Amino acid sequence: MDSLNALIGVETPLEVVASTLRAFAEGVGASAVGAYQVFCSDETECTCSDALDRQFVARLLPDLKPGRCGAFHTVNLGARYEWGAVRVAEEHFATPAACEGFKFLLVKVNAHAAVQPTADGWEYGWLQRYGKESACCGALAGLFEGSLLPAIVELREMFAFGGLNRLGMLADPRLVEPRYRALYTAIVSAQLQSMRVARDIQEFRPASATVFLIVPCVTLNRPGPDSEIVVGQYGIDYTSTKADTRYAGLGNDPTGYRIRYDADRARIVDEQWCPDGRRA
């Protein structure tokens with residue numbers, strides 16, 4: 001747990017995040033392992049998905065076909081969690097081996113934001129895609145552009161969860177510096193979608209005893225190799241009659257975020273930081 005907590009808020013290579021998650025899963029002592037990825041339809045997200053496939057899925061999951069493993073996936077605009085999907089994934093990985101003890105099910109939720117160097121430092125939200133400037137993530141950018149696409153409307157509703165006007169905060173340059181808006185939006189989105197996964201898990205009983213790990217992340221689509229920021233982690237122990245849920249990580253109020261840099265790699269400091277795995 002300490003090794004995973006050490007990555008929260010820190011820009012880290014994709015392979016390091018995925019291998020840290022593998023090491024964590026290996027240390028849990030589960031009789032079987034499953035994985036569920038939620039990520040955006042944007043083609044830039046292939047790098048993040050591929051890293052988890054190489055470092056985690058291919059090494060820990062049961063064969064789906066001879067010599068081939070596969071994670072359960074949700075791929076859509078803005079990496080929106082689809083209510084009930086984790087229930088289907090859990091049932092799929094409730095294999096005979098899982099029923100011999102308990103299974104470990106990783107749920108990794110990735111929002112994303114592009115990042116580019118500028119004369120004044122780093123700016124988030126756009127990239128040079130196929131020779132032209134492009135919004136990235138386009139779905140999250142649509143939140144501020146008045147888009148009425150059903151996916152954007154759904155995202156907009158989630159950003160108002162609990163009555164907090166997060167989009168208004170993100171759009172206010174007095175509260176959030178515009179060059180960081182896309183990054184902070186992605187952090188908020190990943191945290192909120194993961195919270196939705198946790199709430200879904202709390203409302204059903206798994207087919208077999210399960211320890212769930214929900215990890216919200218933000219992929220940083222850089223001009224070179226991509227990286228990512230782990231936003232937090234929900235641990236849900238469902239090996240008894242009731243889910244015991246704990247969360248450690250960044251909050252979802254963007255006004256609490258502060259950004260620092262270490263050798264051009266971002267570190268997010270959050271006034272809402274929850275380090276102690278409190279019950280959620």
# chains A, B, ... in the order shown; residues from 1 in each chain; ligands from 1
$ residues_around --residues "Val28 of chain A" --least-positions-apart "2" --cutoff "10 Å" --atoms "only C-alpha atoms" --output "PyMOL selection string"
chain A and resi 1+23-26+30-31+33+102-104+211
$ write_last_selection --atoms "N, CA and C atoms" --output "mmCIF file, in the first residue's frame"
data_model
loop_
_atom_site.group_PDB
_atom_site.id
_atom_site.type_symbol
_atom_site.label_atom_id
_atom_site.label_comp_id
_atom_site.auth_asym_id
_atom_site.auth_seq_id
_atom_site.Cartn_x
_atom_site.Cartn_y
_atom_site.Cartn_z
ATOM 1 N N MET A 1 0.821 -1.203 0.000
ATOM 2 C CA MET A 1 0.000 0.000 0.000
ATOM 3 C C MET A 1 0.857 1.256 0.000
ATOM 4 N N ALA A 23 2.750 -5.402 -8.472
ATOM 5 C CA ALA A 23 3.401 -5.809 -7.228
ATOM 6 C C ALA A 23 2.414 -5.788 -6.067
ATOM 7 N N PHE A 24 1.541 -4.801 -6.045
ATOM 8 C CA PHE A 24 0.531 -4.728 -4.995
ATOM 9 C C PHE A 24 -0.383 -5.942 -5.063
ATOM 10 N N ALA A 25 -0.865 -6.266 -6.269
ATOM 11 C CA ALA A 25 -1.765 -7.408 -6.441
ATOM 12 C C ALA A 25 -1.088 -8.713 -6.042
ATOM 13 N N GLU A 26 0.182 -8.848 -6.382
ATOM 14 C CA GLU A 26 0.908 -10.072 -6.043
ATOM 15 C C GLU A 26 1.056 -10.249 -4.535
ATOM 16 N N ALA A 30 -4.300 -13.206 -3.056
ATOM 17 C CA ALA A 30 -5.552 -13.664 -3.644
ATOM 18 C C ALA A 30 -5.334 -14.962 -4.419
ATOM 19 N N SER A 31 -6.393 -15.739 -4.540
ATOM 20 C CA SER A 31 -6.311 -16.980 -5.314
ATOM 21 C C SER A 31 -6.527 -16.739 -6.804
ATOM 22 N N VAL A 33 -6.904 -13.182 -9.893
ATOM 23 C CA VAL A 33 -6.812 -11.739 -10.148
ATOM 24 C C VAL A 33 -7.616 -11.399 -11.398
ATOM 25 N N PHE A 102 -10.136 -15.881 -2.216
ATOM 26 C CA PHE A 102 -10.776 -14.638 -2.627
ATOM 27 C C PHE A 102 -10.040 -14.108 -3.842
ATOM 28 N N LYS A 103 -10.706 -13.286 -4.613
ATOM 29 C CA LYS A 103 -10.068 -12.707 -5.787
ATOM 30 C C LYS A 103 -9.741 -11.241 -5.546
ATOM 31 N N PHE A 104 -8.776 -10.767 -6.295
ATOM 32 C CA PHE A 104 -8.394 -9.359 -6.292
ATOM 33 C C PHE A 104 -8.827 -8.786 -7.627
ATOM 34 N N VAL A 211 -11.533 -8.599 -3.018
ATOM 35 C CA VAL A 211 -10.901 -7.354 -2.600
ATOM 36 C C VAL A 211 -10.776 -6.491 -3.855
#
$ residues_around --residues "His112 of chain A" --least-positions-apart "3" --cutoff "7 Å" --atoms "only C-alpha atoms" --output "ChimeraX atom specification"
/A:137,186,218-220
$ write_last_selection --atoms "N, CA and C atoms" --output "PDB file, in the first residue's frame"
ATOM      1  N   CYS A 137      -8.153  16.274 -23.512  1.00  0.00           N
ATOM      2  CA  CYS A 137      -9.281  15.446 -23.907  1.00  0.00           C
ATOM      3  C   CYS A 137     -10.403  16.316 -24.501  1.00  0.00           C
ATOM      4  N   ALA A 186      -9.302  16.927 -15.521  1.00  0.00           N
ATOM      5  CA  ALA A 186      -9.105  15.485 -15.651  1.00  0.00           C
ATOM      6  C   ALA A 186      -8.972  14.820 -14.284  1.00  0.00           C
ATOM      7  N   VAL A 218      -4.765   9.979 -14.152  1.00  0.00           N
ATOM      8  CA  VAL A 218      -4.807  10.890 -15.301  1.00  0.00           C
ATOM      9  C   VAL A 218      -3.591  10.611 -16.170  1.00  0.00           C
ATOM     10  N   THR A 219      -3.846  10.190 -17.395  1.00  0.00           N
ATOM     11  CA  THR A 219      -2.757  10.044 -18.361  1.00  0.00           C
ATOM     12  C   THR A 219      -2.343  11.419 -18.856  1.00  0.00           C
ATOM     13  N   LEU A 220      -1.032  11.665 -18.911  1.00  0.00           N
ATOM     14  CA  LEU A 220      -0.507  12.902 -19.477  1.00  0.00           C
ATOM     15  C   LEU A 220       0.063  12.573 -20.846  1.00  0.00           C
TER      16      LEU A 220
END
$ residues_around --residues "Cys46 of chain A" --least-positions-apart "6" --cutoff "12 Å" --atoms "only C-alpha atoms" --output "list in words"
Leu14, Gln37, Val38, Phe39, Cys40, Leu52, Asp53, Val75, Asn110, His112, Thr219, Asn221, Pro225 and Asp226 of chain A
$ residues_around --residues "Thr255 of chain A" --least-positions-apart "5" --cutoff "8 Å" --atoms "only C-alpha atoms" --output "list in words"
Met169, Leu170, Leu175 and Val176 of chain A
$ write_last_selection --atoms "C-alpha atoms" --output "compact mmCIF listing (two decimals), in the first residue's frame"
# COMPACT_ATOMS: atom_id res chain seq x y z
CA MET A 169 -14.53 26.87 -10.21
CA LEU A 170 -12.44 25.44 -13.03
CA LEU A 175 -9.45 30.13 -8.74
CA VAL A 176 -7.70 27.99 -11.36
$ residues_around --residues "segment 162-165 of chain A" --least-positions-apart "3" --cutoff "12 Å" --atoms "only C-alpha atoms" --output "list of chain:residue names"
A:Arg156, A:Glu157, A:Met158, A:Phe159, A:Gly168, A:Met169, A:Leu170, A:Ala171, A:Asp172, A:Val188, A:Leu192, A:Asn252, A:Asp253, A:Pro254, A:Thr255
$ residues_around --residues "Ile259 of chain A" --least-positions-apart "4" --cutoff "12 Å" --atoms "only C-alpha atoms" --output "short mmCIF file (atom, residue, chain, number, x, y, z; two decimals) with N, CA and C atoms, in the first residue's frame"
data_model
loop_
_atom_site.label_atom_id
_atom_site.label_comp_id
_atom_site.auth_asym_id
_atom_site.auth_seq_id
_atom_site.Cartn_x
_atom_site.Cartn_y
_atom_site.Cartn_z
N GLY A 9 -0.51 11.77 -6.82
CA GLY A 9 -0.19 13.16 -7.10
C GLY A 9 1.10 13.39 -7.83
N VAL A 10 1.85 12.33 -8.13
CA VAL A 10 3.19 12.47 -8.71
C VAL A 10 3.19 11.95 -10.15
N GLU A 11 3.63 12.77 -11.09
CA GLU A 11 3.73 12.32 -12.47
C GLU A 11 4.77 11.20 -12.58
N GLY A 121 6.47 27.73 -19.39
CA GLY A 121 6.35 26.49 -18.63
C GLY A 121 5.47 25.50 -19.36
N TRP A 122 4.72 24.71 -18.62
CA TRP A 122 3.89 23.66 -19.20
C TRP A 122 2.43 24.12 -19.27
N GLU A 123 1.80 23.75 -20.39
CA GLU A 123 0.38 24.07 -20.60
C GLU A 123 -0.36 22.78 -20.94
N VAL A 176 -8.52 28.99 -10.67
CA VAL A 176 -7.70 27.99 -11.36
C VAL A 176 -6.99 28.67 -12.52
N GLU A 177 -5.67 28.62 -12.51
CA GLU A 177 -4.89 29.21 -13.61
C GLU A 177 -5.26 28.51 -14.91
N ARG A 179 -3.92 27.73 -17.68
CA ARG A 179 -3.04 26.74 -18.32
C ARG A 179 -3.07 25.39 -17.60
N TYR A 180 -3.61 25.36 -16.38
CA TYR A 180 -3.73 24.10 -15.63
C TYR A 180 -5.15 23.55 -15.63
N ARG A 181 -6.09 24.27 -16.27
CA ARG A 181 -7.50 23.89 -16.19
C ARG A 181 -7.75 22.48 -16.70
N LEU A 183 -5.77 19.89 -16.88
CA LEU A 183 -5.23 18.89 -15.96
C LEU A 183 -6.13 18.74 -14.74
N TYR A 184 -6.51 19.86 -14.14
CA TYR A 184 -7.34 19.79 -12.94
C TYR A 184 -8.71 19.19 -13.26
N PRO A 254 -11.44 21.31 -7.13
CA PRO A 254 -10.22 21.76 -7.83
C PRO A 254 -9.55 22.97 -7.20
N THR A 255 -10.27 23.72 -6.37
CA THR A 255 -9.65 24.90 -5.75
C THR A 255 -8.61 24.51 -4.71
N ASP A 264 10.78 18.91 -14.46
CA ASP A 264 9.73 19.00 -15.47
C ASP A 264 8.62 17.97 -15.31
N ARG A 265 8.55 17.31 -14.18
CA ARG A 265 7.47 16.37 -13.89
C ARG A 265 6.57 16.98 -12.82
N ALA A 266 5.28 16.89 -13.04
CA ALA A 266 4.32 17.56 -12.16
C ALA A 266 4.12 16.79 -10.86
N ARG A 267 3.85 17.54 -9.83
CA ARG A 267 3.43 16.99 -8.54
C ARG A 267 2.24 17.83 -8.06
N ILE A 268 1.14 17.15 -7.78
CA ILE A 268 -0.07 17.83 -7.33
C ILE A 268 -0.16 17.76 -5.82
N VAL A 269 -0.24 18.92 -5.20
CA VAL A 269 -0.47 19.02 -3.77
C VAL A 269 -1.92 19.42 -3.57
N ASP A 270 -2.58 18.81 -2.60
CA ASP A 270 -4.01 19.05 -2.41
C ASP A 270 -4.31 19.34 -0.95
N GLU A 271 -5.00 20.44 -0.71
CA GLU A 271 -5.39 20.78 0.65
C GLU A 271 -6.37 19.77 1.24
#
$ residues_around --residues "Leu4 of chain A" --least-positions-apart "3" --cutoff "10 Å" --atoms "only C-alpha atoms" --output "number ranges by chain"
A: 1, 7-8, 17, 20-21, 23-24, 215, 230, 232-233
$ write_last_selection --atoms "C-alpha atoms" --output "tab-separated table (two decimals), in the first residue's frame"
chain	number	residue	atom	x	y	z
A	1	MET	CA	0.00	0.00	0.00
A	7	LEU	CA	2.65	7.66	-6.43
A	8	ILE	CA	-0.46	9.69	-5.60
A	17	VAL	CA	2.43	2.74	-12.35
A	20	THR	CA	3.48	-1.00	-8.97
A	21	LEU	CA	-0.10	-2.16	-9.30
A	23	ALA	CA	3.40	-5.81	-7.23
A	24	PHE	CA	0.53	-4.73	-5.00
A	215	VAL	CA	-7.40	3.53	-8.91
A	230	VAL	CA	-2.31	8.45	-9.73
A	232	GLY	CA	-5.94	8.15	-5.32
A	233	GLN	CA	-7.05	4.66	-4.41
$ select_by_dssp --residues "segment 23-213 of chain A" --states "strand (DSSP E or B)" --output "ChimeraX atom specification"
/A:32-40,65,68,72-76,103-118,121-124,126-129,132-135,210-213
$ write_last_selection --atoms "C-alpha atoms" --output "PDB file, in the first residue's frame"
ATOM      1  CA  ALA A  32      -7.196 -15.186  -8.575  1.00  0.00           C
ATOM      2  CA  VAL A  33      -6.812 -11.739 -10.148  1.00  0.00           C
ATOM      3  CA  GLY A  34      -9.048  -9.754 -12.499  1.00  0.00           C
ATOM      4  CA  ALA A  35      -8.860  -6.320 -14.085  1.00  0.00           C
ATOM      5  CA  TYR A  36     -11.275  -3.729 -15.425  1.00  0.00           C
ATOM      6  CA  GLN A  37     -10.113  -0.647 -17.343  1.00  0.00           C
ATOM      7  CA  VAL A  38     -12.167   2.508 -17.910  1.00  0.00           C
ATOM      8  CA  PHE A  39     -10.630   4.965 -20.349  1.00  0.00           C
ATOM      9  CA  CYS A  40     -11.450   7.531 -23.016  1.00  0.00           C
ATOM     10  CA  LYS A  65      -7.982 -17.843 -24.983  1.00  0.00           C
ATOM     11  CA  ARG A  68      -4.073 -14.647 -24.359  1.00  0.00           C
ATOM     12  CA  PHE A  72     -12.779  -6.063 -18.989  1.00  0.00           C
ATOM     13  CA  HIS A  73     -13.109  -2.622 -20.659  1.00  0.00           C
ATOM     14  CA  THR A  74     -15.312   0.435 -20.796  1.00  0.00           C
ATOM     15  CA  VAL A  75     -14.208   2.812 -23.563  1.00  0.00           C
ATOM     16  CA  ASN A  76     -16.250   5.951 -24.212  1.00  0.00           C
ATOM     17  CA  LYS A 103     -10.068 -12.707  -5.787  1.00  0.00           C
ATOM     18  CA  PHE A 104      -8.394  -9.359  -6.292  1.00  0.00           C
ATOM     19  CA  LEU A 105     -10.094  -7.099  -8.839  1.00  0.00           C
ATOM     20  CA  LEU A 106      -8.295  -3.987 -10.064  1.00  0.00           C
ATOM     21  CA  VAL A 107     -10.487  -1.216 -11.482  1.00  0.00           C
ATOM     22  CA  LYS A 108      -8.338   1.438 -13.166  1.00  0.00           C
ATOM     23  CA  VAL A 109     -10.096   4.622 -14.303  1.00  0.00           C
ATOM     24  CA  ASN A 110      -8.107   6.954 -16.562  1.00  0.00           C
ATOM     25  CA  ALA A 111      -9.052  10.463 -17.552  1.00  0.00           C
ATOM     26  CA  HIS A 112      -6.400  12.230 -19.637  1.00  0.00           C
ATOM     27  CA  ALA A 113      -4.965  15.593 -20.637  1.00  0.00           C
ATOM     28  CA  ALA A 114      -2.322  16.555 -23.153  1.00  0.00           C
ATOM     29  CA  VAL A 115       0.654  18.659 -22.045  1.00  0.00           C
ATOM     30  CA  GLN A 116       2.959  20.867 -24.102  1.00  0.00           C
ATOM     31  CA  PRO A 117       6.024  22.953 -23.219  1.00  0.00           C
ATOM     32  CA  THR A 118       5.641  26.705 -23.702  1.00  0.00           C
ATOM     33  CA  GLY A 121       6.352  26.489 -18.630  1.00  0.00           C
ATOM     34  CA  TRP A 122       3.885  23.662 -19.201  1.00  0.00           C
ATOM     35  CA  GLU A 123       0.383  24.072 -20.600  1.00  0.00           C
ATOM     36  CA  TYR A 124      -2.320  21.392 -20.524  1.00  0.00           C
ATOM     37  CA  TRP A 126      -3.955  20.505 -26.394  1.00  0.00           C
ATOM     38  CA  LEU A 127      -1.575  18.568 -28.616  1.00  0.00           C
ATOM     39  CA  GLN A 128      -0.315  18.501 -32.177  1.00  0.00           C
ATOM     40  CA  ARG A 129      -2.486  15.720 -33.607  1.00  0.00           C
ATOM     41  CA  LYS A 132      -2.793  20.353 -36.350  1.00  0.00           C
ATOM     42  CA  GLU A 133      -3.635  21.648 -32.886  1.00  0.00           C
ATOM     43  CA  SER A 134      -6.267  19.535 -31.194  1.00  0.00           C
ATOM     44  CA  ALA A 135      -8.084  19.545 -27.848  1.00  0.00           C
ATOM     45  CA  THR A 210     -13.390 -10.023  -3.525  1.00  0.00           C
ATOM     46  CA  VAL A 211     -10.901  -7.354  -2.600  1.00  0.00           C
ATOM     47  CA  PHE A 212     -11.421  -4.425  -4.969  1.00  0.00           C
ATOM     48  CA  LEU A 213      -8.810  -1.766  -5.711  1.00  0.00           C
TER      49      LEU A 213
END
$ decode --residues "segment 48-75 of chain A" --atoms "N, CA and C atoms" --output "compact mmCIF listing (two decimals), in the first residue's frame"
# COMPACT_ATOMS: atom_id res chain seq x y z
N CYS A 48 -1.60 4.12 -22.49
CA CYS A 48 -1.90 3.80 -21.11
C CYS A 48 -2.49 2.40 -20.99
N SER A 49 -3.43 2.08 -21.87
CA SER A 49 -4.04 0.76 -21.85
C SER A 49 -3.01 -0.33 -22.15
N ASP A 50 -2.13 -0.07 -23.11
CA ASP A 50 -1.10 -1.05 -23.47
C ASP A 50 -0.15 -1.32 -22.31
N ALA A 51 0.21 -0.27 -21.56
CA ALA A 51 1.12 -0.45 -20.43
C ALA A 51 0.51 -1.37 -19.38
N LEU A 52 -0.78 -1.18 -19.07
CA LEU A 52 -1.41 -2.05 -18.09
C LEU A 52 -1.53 -3.47 -18.62
N ASP A 53 -1.82 -3.59 -19.90
CA ASP A 53 -1.91 -4.93 -20.50
C ASP A 53 -0.59 -5.68 -20.38
N ARG A 54 0.52 -4.97 -20.64
CA ARG A 54 1.83 -5.64 -20.60
C ARG A 54 2.26 -5.98 -19.18
N GLN A 55 2.12 -5.02 -18.29
CA GLN A 55 2.69 -5.17 -16.95
C GLN A 55 1.78 -5.87 -15.96
N PHE A 56 0.48 -5.81 -16.18
CA PHE A 56 -0.47 -6.35 -15.20
C PHE A 56 -1.29 -7.50 -15.79
N VAL A 57 -2.02 -7.20 -16.84
CA VAL A 57 -2.98 -8.17 -17.39
C VAL A 57 -2.28 -9.43 -17.88
N ALA A 58 -1.24 -9.26 -18.70
CA ALA A 58 -0.58 -10.42 -19.29
C ALA A 58 0.13 -11.30 -18.26
N ARG A 59 0.43 -10.75 -17.10
CA ARG A 59 1.20 -11.49 -16.10
C ARG A 59 0.35 -12.10 -14.99
N LEU A 60 -0.85 -11.56 -14.77
CA LEU A 60 -1.62 -11.98 -13.61
C LEU A 60 -2.99 -12.59 -13.92
N LEU A 61 -3.58 -12.23 -15.04
CA LEU A 61 -4.95 -12.67 -15.31
C LEU A 61 -4.98 -14.08 -15.90
N PRO A 62 -6.09 -14.78 -15.72
CA PRO A 62 -6.22 -16.12 -16.34
C PRO A 62 -6.34 -15.99 -17.85
N ASP A 63 -5.98 -17.06 -18.54
CA ASP A 63 -6.09 -17.08 -20.00
C ASP A 63 -7.56 -16.98 -20.42
N LEU A 64 -7.82 -16.05 -21.31
CA LEU A 64 -9.15 -15.95 -21.91
C LEU A 64 -9.24 -16.89 -23.10
N LYS A 65 -8.17 -16.90 -23.88
CA LYS A 65 -7.98 -17.84 -24.98
C LYS A 65 -6.57 -18.39 -24.85
N PRO A 66 -6.22 -19.46 -25.51
CA PRO A 66 -4.88 -20.03 -25.33
C PRO A 66 -3.78 -18.98 -25.50
N GLY A 67 -3.04 -18.73 -24.40
CA GLY A 67 -1.94 -17.79 -24.45
C GLY A 67 -2.34 -16.34 -24.51
N ARG A 68 -3.62 -16.04 -24.24
CA ARG A 68 -4.07 -14.65 -24.36
C ARG A 68 -4.98 -14.27 -23.19
N CYS A 69 -4.62 -13.20 -22.49
CA CYS A 69 -5.41 -12.68 -21.37
C CYS A 69 -6.09 -11.39 -21.81
N GLY A 70 -7.13 -11.02 -21.10
CA GLY A 70 -7.81 -9.78 -21.43
C GLY A 70 -8.48 -9.17 -20.22
N ALA A 71 -8.41 -7.85 -20.10
CA ALA A 71 -9.15 -7.12 -19.07
C ALA A 71 -10.54 -6.79 -19.58
N PHE A 72 -11.47 -6.61 -18.67
CA PHE A 72 -12.78 -6.06 -18.99
C PHE A 72 -12.58 -4.57 -19.28
N HIS A 73 -13.33 -4.01 -20.25
CA HIS A 73 -13.11 -2.62 -20.66
C HIS A 73 -14.41 -1.84 -20.74
N THR A 74 -14.33 -0.57 -20.40
CA THR A 74 -15.31 0.43 -20.80
C THR A 74 -14.54 1.54 -21.50
N VAL A 75 -14.89 1.79 -22.76
CA VAL A 75 -14.21 2.81 -23.56
C VAL A 75 -15.28 3.74 -24.13
